[in-house]
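Shown here: upload19.cif, mmCIF, C-alpha atoms and all ligand atoms.
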```
data_final
loop_
_atom_site.label_atom_id
_atom_site.label_comp_id
_atom_site.auth_asym_id
_atom_site.auth_seq_id
_atom_site.Cartn_x
_atom_site.Cartn_y
_atom_site.Cartn_z
CA MET A 1019 -89.19 18.20 -97.55
CA ALA A 1020 -86.39 20.05 -95.75
CA ASP A 1021 -85.72 17.01 -93.52
CA HIS A 1022 -85.60 14.70 -96.53
CA ASP A 1023 -83.05 16.97 -98.29
CA ASN A 1024 -80.88 16.97 -95.20
CA GLU A 1025 -80.80 13.17 -95.07
CA THR A 1026 -79.64 12.82 -98.66
CA LEU A 1027 -76.98 15.55 -98.33
CA THR A 1028 -75.46 14.41 -95.01
CA PRO A 1029 -74.45 10.72 -95.02
CA THR A 1030 -74.50 8.88 -91.71
CA PRO A 1031 -71.16 8.64 -89.83
CA GLY A 1032 -71.07 4.92 -90.67
CA ALA A 1033 -71.43 5.60 -94.37
CA ARG A 1034 -68.71 8.27 -94.25
CA VAL A 1035 -66.32 5.86 -92.54
CA ALA A 1036 -67.16 3.18 -95.16
CA THR A 1037 -66.47 5.65 -97.99
CA PHE A 1038 -63.21 6.66 -96.31
CA LEU A 1039 -62.04 3.06 -95.92
CA ASN A 1040 -62.89 2.34 -99.57
CA ARG A 1041 -60.55 5.02 -100.88
CA LYS A 1042 -57.60 3.59 -102.80
CA ASP A 1043 -54.93 5.51 -100.84
CA VAL A 1044 -56.54 4.54 -97.52
CA LYS A 1045 -56.61 0.87 -98.54
CA GLN A 1046 -52.93 1.05 -99.52
CA THR A 1047 -52.10 2.67 -96.16
CA VAL A 1048 -54.00 -0.04 -94.28
CA PHE A 1049 -52.13 -2.71 -96.24
CA LEU A 1050 -48.80 -1.01 -95.45
CA GLY A 1051 -49.85 -0.79 -91.79
CA ILE A 1052 -50.53 -4.53 -91.63
CA PHE A 1053 -47.18 -5.20 -93.35
CA PHE A 1054 -45.17 -3.00 -90.93
CA THR A 1055 -47.04 -4.48 -87.93
CA ALA A 1056 -46.01 -7.96 -89.09
CA VAL A 1057 -42.39 -6.77 -89.47
CA PHE A 1058 -42.33 -5.43 -85.89
CA VAL A 1059 -43.92 -8.61 -84.49
CA VAL A 1060 -41.28 -10.72 -86.25
CA LEU A 1061 -38.55 -8.39 -84.92
CA GLY A 1062 -39.88 -8.81 -81.38
CA VAL A 1063 -40.51 -12.53 -81.36
CA TRP A 1064 -37.71 -13.82 -83.59
CA ALA A 1065 -34.92 -11.22 -83.66
CA TYR A 1066 -34.79 -9.92 -80.06
CA PRO A 1067 -33.83 -13.25 -78.47
CA LYS A 1068 -30.96 -13.43 -81.01
CA TRP A 1069 -29.81 -9.82 -80.51
CA MET A 1070 -30.20 -9.44 -76.77
CA PRO A 1071 -27.52 -10.58 -74.28
CA VAL A 1072 -27.48 -14.28 -73.44
CA VAL A 1073 -30.01 -15.17 -70.75
CA LEU A 1074 -28.25 -16.55 -67.65
CA THR A 1075 -30.87 -15.81 -64.94
CA LYS A 1076 -34.60 -15.71 -64.27
CA GLN A 1077 -34.26 -11.91 -64.06
CA MET A 1078 -32.74 -11.66 -67.56
CA GLN A 1079 -35.48 -13.95 -68.89
CA ALA A 1080 -38.10 -11.62 -67.37
CA ASN A 1081 -36.41 -8.61 -69.00
CA GLU A 1082 -36.41 -10.31 -72.37
CA ASP A 1083 -40.06 -11.38 -72.03
CA ILE A 1084 -41.06 -7.76 -71.29
CA MET A 1085 -39.14 -6.46 -74.33
CA ILE A 1086 -40.81 -9.03 -76.58
CA TRP A 1087 -44.34 -8.52 -75.26
CA PHE A 1088 -44.18 -4.72 -75.33
CA THR A 1089 -42.83 -4.81 -78.89
CA VAL A 1090 -45.68 -7.07 -79.99
CA ILE A 1091 -48.33 -5.00 -78.18
CA SER A 1092 -47.08 -1.70 -79.62
CA ALA A 1093 -46.44 -3.12 -83.12
CA PRO A 1094 -49.87 -2.10 -84.56
CA ILE A 1095 -49.42 1.51 -83.40
CA ALA A 1096 -45.88 1.80 -84.75
CA GLY A 1097 -47.02 0.00 -87.92
CA VAL A 1098 -49.89 2.40 -88.65
CA VAL A 1099 -47.77 5.50 -87.92
CA LEU A 1100 -44.99 4.24 -90.19
CA ALA A 1101 -47.55 3.35 -92.90
CA ILE A 1102 -49.05 6.88 -92.88
CA ALA A 1103 -45.56 8.41 -92.93
CA THR A 1104 -44.46 6.16 -95.82
CA LYS A 1105 -47.61 6.80 -97.85
CA SER A 1106 -47.28 10.58 -97.33
CA PHE A 1107 -43.60 10.44 -98.29
CA LEU A 1108 -44.30 8.44 -101.47
CA ASN A 1109 -47.02 10.89 -102.53
CA MET A 1110 -44.87 13.92 -101.85
CA HIS A 1111 -43.15 14.17 -105.24
CA ARG A 1112 -46.09 13.42 -107.50
CA GLY A 1113 -47.54 16.90 -107.55
CA ASN A 1114 -51.00 15.45 -106.98
CA THR A 1115 -53.61 17.72 -105.50
CA PRO A 1116 -54.38 16.46 -102.01
CA PRO A 1117 -57.22 13.92 -101.91
CA GLU A 1118 -60.58 15.17 -100.74
CA GLU A 1119 -60.84 15.60 -97.03
CA GLY A 1120 -61.52 12.41 -95.09
CA VAL A 1121 -63.28 11.99 -91.78
CA ALA A 1122 -62.11 14.76 -89.44
CA ILE A 1123 -60.53 13.22 -86.35
CA ARG A 1124 -59.32 16.27 -84.46
CA ASN A 1125 -62.70 17.10 -82.91
CA ASN A 1126 -64.23 13.67 -83.37
CA THR A 1127 -65.39 12.63 -79.88
CA PRO A 1128 -65.45 8.83 -80.43
CA VAL A 1129 -61.92 8.90 -81.90
CA VAL A 1130 -60.61 11.01 -79.01
CA ILE A 1131 -62.26 8.67 -76.49
CA VAL A 1132 -60.82 5.54 -78.17
CA TRP A 1133 -57.24 6.80 -78.32
CA THR A 1134 -57.32 8.24 -74.80
CA ALA A 1135 -58.77 5.00 -73.38
CA THR A 1136 -56.24 2.89 -75.32
CA SER A 1137 -53.32 4.96 -74.00
CA VAL A 1138 -54.67 4.71 -70.44
CA VAL A 1139 -55.01 0.92 -70.74
CA PHE A 1140 -51.43 0.63 -72.10
CA CYS A 1141 -50.04 2.73 -69.22
CA ILE A 1142 -51.95 0.72 -66.60
CA VAL A 1143 -50.77 -2.58 -68.10
CA ALA A 1144 -47.15 -1.32 -68.05
CA ILE A 1145 -47.39 -0.07 -64.44
CA VAL A 1146 -49.11 -3.20 -63.09
CA TRP A 1147 -46.69 -5.46 -65.01
CA GLY A 1148 -43.70 -3.60 -63.54
CA LEU A 1149 -45.07 -3.63 -59.98
CA VAL A 1150 -45.90 -7.34 -60.11
CA ALA A 1151 -42.42 -8.15 -61.50
CA LEU A 1152 -40.71 -6.06 -58.81
CA ASN A 1153 -42.80 -7.60 -56.05
CA THR A 1154 -42.26 -11.17 -57.30
CA ASP A 1155 -38.52 -10.57 -57.36
CA SER A 1156 -38.35 -9.11 -53.84
CA ILE A 1157 -40.38 -12.03 -52.45
CA ALA A 1158 -38.01 -14.45 -54.22
CA ALA A 1159 -35.01 -12.52 -52.85
CA ALA A 1160 -36.31 -12.77 -49.27
CA THR A 1161 -37.08 -16.48 -49.64
CA ASP A 1162 -33.69 -17.23 -51.22
CA ALA A 1163 -31.60 -15.12 -48.85
CA PRO A 1164 -30.61 -17.95 -46.45
CA LYS A 1165 -29.24 -20.16 -49.27
CA SER A 1166 -27.72 -17.27 -51.26
CA ILE A 1167 -24.08 -16.82 -52.04
CA VAL A 1168 -23.17 -13.28 -50.97
CA VAL A 1169 -20.99 -10.92 -52.98
CA ASP A 1170 -20.03 -7.48 -51.65
CA VAL A 1171 -19.56 -5.26 -54.69
CA THR A 1172 -17.57 -2.02 -54.51
CA GLY A 1173 -17.43 0.52 -57.30
CA SER A 1174 -14.61 3.06 -57.34
CA GLN A 1175 -13.20 5.30 -60.04
CA TRP A 1176 -12.86 3.24 -62.25
CA VAL A 1177 -12.80 -0.38 -61.18
CA TRP A 1178 -15.14 -2.99 -59.71
CA THR A 1179 -13.94 -5.10 -56.80
CA PHE A 1180 -15.70 -8.07 -55.23
CA TYR A 1181 -15.51 -9.64 -51.79
CA TYR A 1182 -17.08 -13.04 -51.08
CA PRO A 1183 -17.55 -13.08 -47.26
CA GLN A 1184 -18.52 -16.79 -47.09
CA GLN A 1185 -15.37 -17.80 -49.00
CA ASN A 1186 -13.26 -14.88 -47.71
CA ILE A 1187 -11.80 -13.99 -51.10
CA HIS A 1188 -11.20 -10.63 -52.83
CA THR A 1189 -11.48 -10.61 -56.61
CA HIS A 1190 -11.80 -8.35 -59.61
CA THR A 1191 -13.66 -10.88 -61.73
CA LEU A 1192 -17.17 -12.01 -60.85
CA ASN A 1193 -17.61 -15.77 -60.92
CA LEU A 1194 -20.82 -17.37 -59.66
CA PRO A 1195 -22.07 -20.95 -59.28
CA VAL A 1196 -25.07 -21.93 -61.40
CA ASN A 1197 -28.41 -22.84 -59.74
CA GLN A 1198 -27.62 -20.96 -56.54
CA PRO A 1199 -29.25 -17.61 -55.76
CA VAL A 1200 -26.86 -14.69 -55.33
CA THR A 1201 -27.21 -11.55 -53.21
CA PHE A 1202 -25.17 -8.48 -54.13
CA ASN A 1203 -24.45 -5.84 -51.47
CA VAL A 1204 -23.40 -2.85 -53.54
CA VAL A 1205 -21.54 0.31 -52.42
CA SER A 1206 -19.27 2.96 -53.87
CA ASP A 1207 -15.95 4.29 -52.57
CA ASP A 1208 -16.41 7.68 -54.19
CA VAL A 1209 -19.00 8.97 -56.70
CA ASN A 1210 -22.21 7.24 -57.79
CA HIS A 1211 -21.78 4.21 -60.05
CA SER A 1212 -24.23 1.62 -61.28
CA PHE A 1213 -23.44 -2.08 -61.05
CA TRP A 1214 -24.53 -3.82 -64.25
CA PRO A 1215 -23.73 -7.52 -64.77
CA VAL A 1216 -25.36 -7.58 -68.21
CA GLN A 1217 -26.30 -11.25 -68.69
CA LEU A 1218 -27.77 -11.43 -65.16
CA GLY A 1219 -30.46 -8.85 -66.05
CA VAL A 1220 -29.56 -6.82 -62.94
CA LYS A 1221 -28.69 -3.12 -62.72
CA ILE A 1222 -28.47 -1.27 -59.42
CA ASP A 1223 -26.96 1.99 -58.15
CA ALA A 1224 -23.67 1.89 -56.26
CA ASN A 1225 -23.78 4.79 -53.79
CA ARG A 1226 -21.38 6.08 -51.19
CA LEU A 1227 -22.40 5.40 -47.54
CA VAL A 1228 -25.53 3.43 -48.50
CA THR A 1229 -25.62 -0.27 -49.39
CA THR A 1230 -28.05 -1.25 -52.13
CA VAL A 1231 -29.05 -4.89 -52.43
CA ALA A 1232 -29.73 -6.80 -55.64
CA HIS A 1233 -30.58 -10.40 -56.25
CA ALA A 1234 -30.26 -12.88 -59.12
CA ASP A 1235 -31.02 -16.53 -59.82
CA PRO A 1236 -28.47 -17.95 -62.28
CA THR A 1237 -30.03 -20.75 -64.33
CA ALA A 1238 -27.36 -21.31 -67.00
CA THR A 1239 -23.57 -21.18 -67.32
CA GLY A 1240 -21.80 -18.68 -69.54
CA PRO A 1241 -19.54 -15.64 -69.66
CA LEU A 1242 -20.47 -12.43 -67.84
CA ASP A 1243 -19.81 -8.80 -68.75
CA ILE A 1244 -19.84 -6.32 -65.87
CA LYS A 1245 -20.19 -2.64 -66.73
CA CYS A 1246 -20.85 0.68 -65.03
CA ALA A 1247 -24.19 2.20 -66.05
CA GLU A 1248 -23.86 5.61 -64.38
CA LEU A 1249 -21.62 8.34 -65.81
CA CYS A 1250 -18.93 8.52 -63.12
CA GLY A 1251 -16.02 10.45 -64.57
CA LEU A 1252 -13.37 10.44 -67.27
CA TYR A 1253 -12.90 6.65 -67.58
CA HIS A 1254 -16.53 5.62 -66.98
CA ALA A 1255 -16.64 3.86 -70.36
CA TYR A 1256 -13.69 1.66 -69.36
CA MET A 1257 -15.08 0.72 -65.94
CA GLU A 1258 -15.76 -2.86 -66.87
CA THR A 1259 -14.68 -6.36 -65.98
CA ASN A 1260 -15.86 -9.88 -66.66
CA GLY A 1261 -16.58 -13.20 -65.06
CA ALA A 1262 -18.75 -16.26 -65.56
CA VAL A 1263 -21.60 -18.31 -64.25
CA GLN A 1264 -19.94 -21.70 -63.72
CA SER A 1265 -20.76 -25.23 -62.66
CA SER A 1266 -20.38 -25.53 -58.90
CA ALA A 1267 -17.28 -27.76 -59.37
CA ASP A 1268 -15.59 -25.10 -61.55
CA PHE A 1269 -16.62 -22.38 -59.12
CA ASN A 1270 -15.23 -24.26 -56.13
CA SER A 1271 -11.88 -24.87 -57.81
CA TRP A 1272 -11.72 -21.17 -58.78
CA VAL A 1273 -12.37 -20.24 -55.12
CA SER A 1274 -9.72 -22.73 -53.92
CA SER A 1275 -7.12 -21.36 -56.33
CA ILE A 1276 -7.63 -17.84 -54.93
CA GLN A 1277 -7.64 -19.03 -51.31
CA ALA A 1278 -4.32 -20.76 -52.06
CA THR A 1279 -2.76 -17.41 -52.95
CA GLY A 1280 -3.82 -15.67 -49.73
CA GLY A 1281 -7.45 -14.95 -50.65
CA VAL A 1282 -6.67 -12.13 -53.06
CA GLN A 1283 -7.02 -12.65 -56.80
CA GLU A 1284 -3.82 -11.78 -58.65
CU CU A 1301 -19.47 4.79 -64.44
#
```

Take the structure in this file and express it as structure tokens.
Amino acid sequence: MADHDNETLTPTPGARVATFLNRKDVKQTVFLGIFFTAVFVVLGVWAYPKWMPVVLTKQMQANEDIMIWFTVISAPIAGVVLAIATKSFLNMHRGNTPPEEGVAIRNNTPVVIVWTATSVVFCIVAIVWGLVALNTDSIAAATDAPKSIVVDVTGSQWVWTFYYPQQNIHTHTLNLPVNQPVTFNVVSDDVNHSFWPVQLGVKIDANRLVTTVAHADPTATGPLDIKCAELCGLYHAYMETNGAVQSSADFNSWVSSIQATGGVQE
């Protein structure tokens, strides 16, 4: 008899979960969670490509793909958290007594295992993704090196200067021909800077005494913004210049016009 009483008083875990999911406030939260998840997926897939800088290289395309995929993958988590926060906020002013206690999750072993395992899988995916992307890019850089155009980039407080050894020109704007790989040899004259040609999807430290090498594959023409991404002193925010990825004809005539004035851009 005692066993029988116990069975009727303590529902199975499955039944408790079913009761929990049937509660009106839980159903509303789940609905909100699905809604917010959809909003984040739309933001990632539709809005990011519109909001992010124009894609001019394979590297920038890879950056944008990662932003989109990670937004989509993390959308359900952000969606559920925002749903619970919204539902709690909306209930706050009603003076309702709190609903009866749901399934405890703090010491619930299956729940702890699921969220720990999920976090571990997310971290591993992010690490492997990053390592594969880095490795793919360095293999491409090595393969492309012989046919690359070379640009020696120097950061100094607070300007960027460029030297094209193959063309023997000094410039302060960064023009590049489309469909030709480019290798940047980056140094600093003084403090640490960070060379960031935004639309190329490249960002690399500019250090004193050490040359860092970056690589890009321009696939489309368009204007370029070059910024400094490392706080480097009073006028760091103004340490910017511009340029363009051009057709090879436009690039060649730009080079010729500078060579005609002694190889130094005015
Ligand atoms: Cu700076």

For ligand CU 1301 (chain A), collect every residue having any atom at a distance of at most 8 Å from a ligand atom (counting all atoms listed in the file); output as a PDB file with C-alpha atoms, keeping the file's coordinate frame.
```pdb
ATOM      1  CA  GLN A1175     -13.200   5.300 -60.040  1.00  0.00           C
ATOM      2  CA  TRP A1176     -12.860   3.240 -62.250  1.00  0.00           C
ATOM      3  CA  ASN A1210     -22.210   7.240 -57.790  1.00  0.00           C
ATOM      4  CA  HIS A1211     -21.780   4.210 -60.050  1.00  0.00           C
ATOM      5  CA  SER A1212     -24.230   1.620 -61.280  1.00  0.00           C
ATOM      6  CA  LYS A1245     -20.190  -2.640 -66.730  1.00  0.00           C
ATOM      7  CA  CYS A1246     -20.850   0.680 -65.030  1.00  0.00           C
ATOM      8  CA  ALA A1247     -24.190   2.200 -66.050  1.00  0.00           C
ATOM      9  CA  GLU A1248     -23.860   5.610 -64.380  1.00  0.00           C
ATOM     10  CA  LEU A1249     -21.620   8.340 -65.810  1.00  0.00           C
ATOM     11  CA  CYS A1250     -18.930   8.520 -63.120  1.00  0.00           C
ATOM     12  CA  GLY A1251     -16.020  10.450 -64.570  1.00  0.00           C
ATOM     13  CA  TYR A1253     -12.900   6.650 -67.580  1.00  0.00           C
ATOM     14  CA  HIS A1254     -16.530   5.620 -66.980  1.00  0.00           C
ATOM     15  CA  ALA A1255     -16.640   3.860 -70.360  1.00  0.00           C
ATOM     16  CA  MET A1257     -15.080   0.720 -65.940  1.00  0.00           C
TER      17      MET A1257
END
```

Original post:
Quick one: distance from CA of Cys1141 (chain A) to CA of Ile1086 (chain A) in Å, one decimal?
Top reply: 16.7 Å

Original post:
Contacts of Ile1222 (chain A) at 7 Å or less, counting all atoms listed in the file, minus same-chain residues fewer than 2 places along, as a ChimeraX atom specification?
Top reply: /A:1212-1214,1220,1224,1232

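Take the candidates A:Leu1227, A:Leu1194, A:Val1263, A:Met1085 and check each one against Asp1207 (chain A) using all atoms listed in the file; the shortest distance goes to A:Leu1227.
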
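In this structure, CA of Asp1235 (chain A) sits 5.8 Å away from CA of Lys1076 (chain A).
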
Can you pull out the residues contacting Pro1067 (chain A)? Cut-off 10 Å, using all atoms listed in the file, and skip same-chain residues under 2 positions away; I want them as a PDB file with C-alpha atoms, in the frame of the given file.
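Result file part_10.pdb:
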```
ATOM      1  CA  LEU A1061     -38.550  -8.390 -84.920  1.00  0.00           C
ATOM      2  CA  GLY A1062     -39.880  -8.810 -81.380  1.00  0.00           C
ATOM      3  CA  VAL A1063     -40.510 -12.530 -81.360  1.00  0.00           C
ATOM      4  CA  TRP A1064     -37.710 -13.820 -83.590  1.00  0.00           C
ATOM      5  CA  ALA A1065     -34.920 -11.220 -83.660  1.00  0.00           C
ATOM      6  CA  TRP A1069     -29.810  -9.820 -80.510  1.00  0.00           C
ATOM      7  CA  MET A1070     -30.200  -9.440 -76.770  1.00  0.00           C
ATOM      8  CA  PRO A1071     -27.520 -10.580 -74.280  1.00  0.00           C
ATOM      9  CA  VAL A1072     -27.480 -14.280 -73.440  1.00  0.00           C
ATOM     10  CA  VAL A1073     -30.010 -15.170 -70.750  1.00  0.00           C
ATOM     11  CA  GLN A1079     -35.480 -13.950 -68.890  1.00  0.00           C
ATOM     12  CA  GLU A1082     -36.410 -10.310 -72.370  1.00  0.00           C
ATOM     13  CA  ASP A1083     -40.060 -11.380 -72.030  1.00  0.00           C
ATOM     14  CA  MET A1085     -39.140  -6.460 -74.330  1.00  0.00           C
ATOM     15  CA  ILE A1086     -40.810  -9.030 -76.580  1.00  0.00           C
TER      16      ILE A1086
END
```

Subject >> 12 Å contact set for Thr1161 (chain A), all atoms listed in the file, chain neighbours under 6 positions out, as a PyMOL selection string >> reply: chain A and resi 1154-1155+1199-1201+1233+1235

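Candidate residues A:Thr1075, A:Ser1275, A:Thr1172, A:Ser1265 were compared for distance to Val1216 (chain A), and the nearest is A:Thr1075, using all atoms listed in the file.
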
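The nearest approach to Val1099 (chain A) among the residues A:Thr1136, A:Asn1081, A:Thr1055, A:Asn1040, with all atoms listed in the file taken into account, belongs to A:Thr1055.
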
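Here CA of Asn1193 (chain A) is placed at a distance of 10.7 Å from CA of Asp1243 (chain A).
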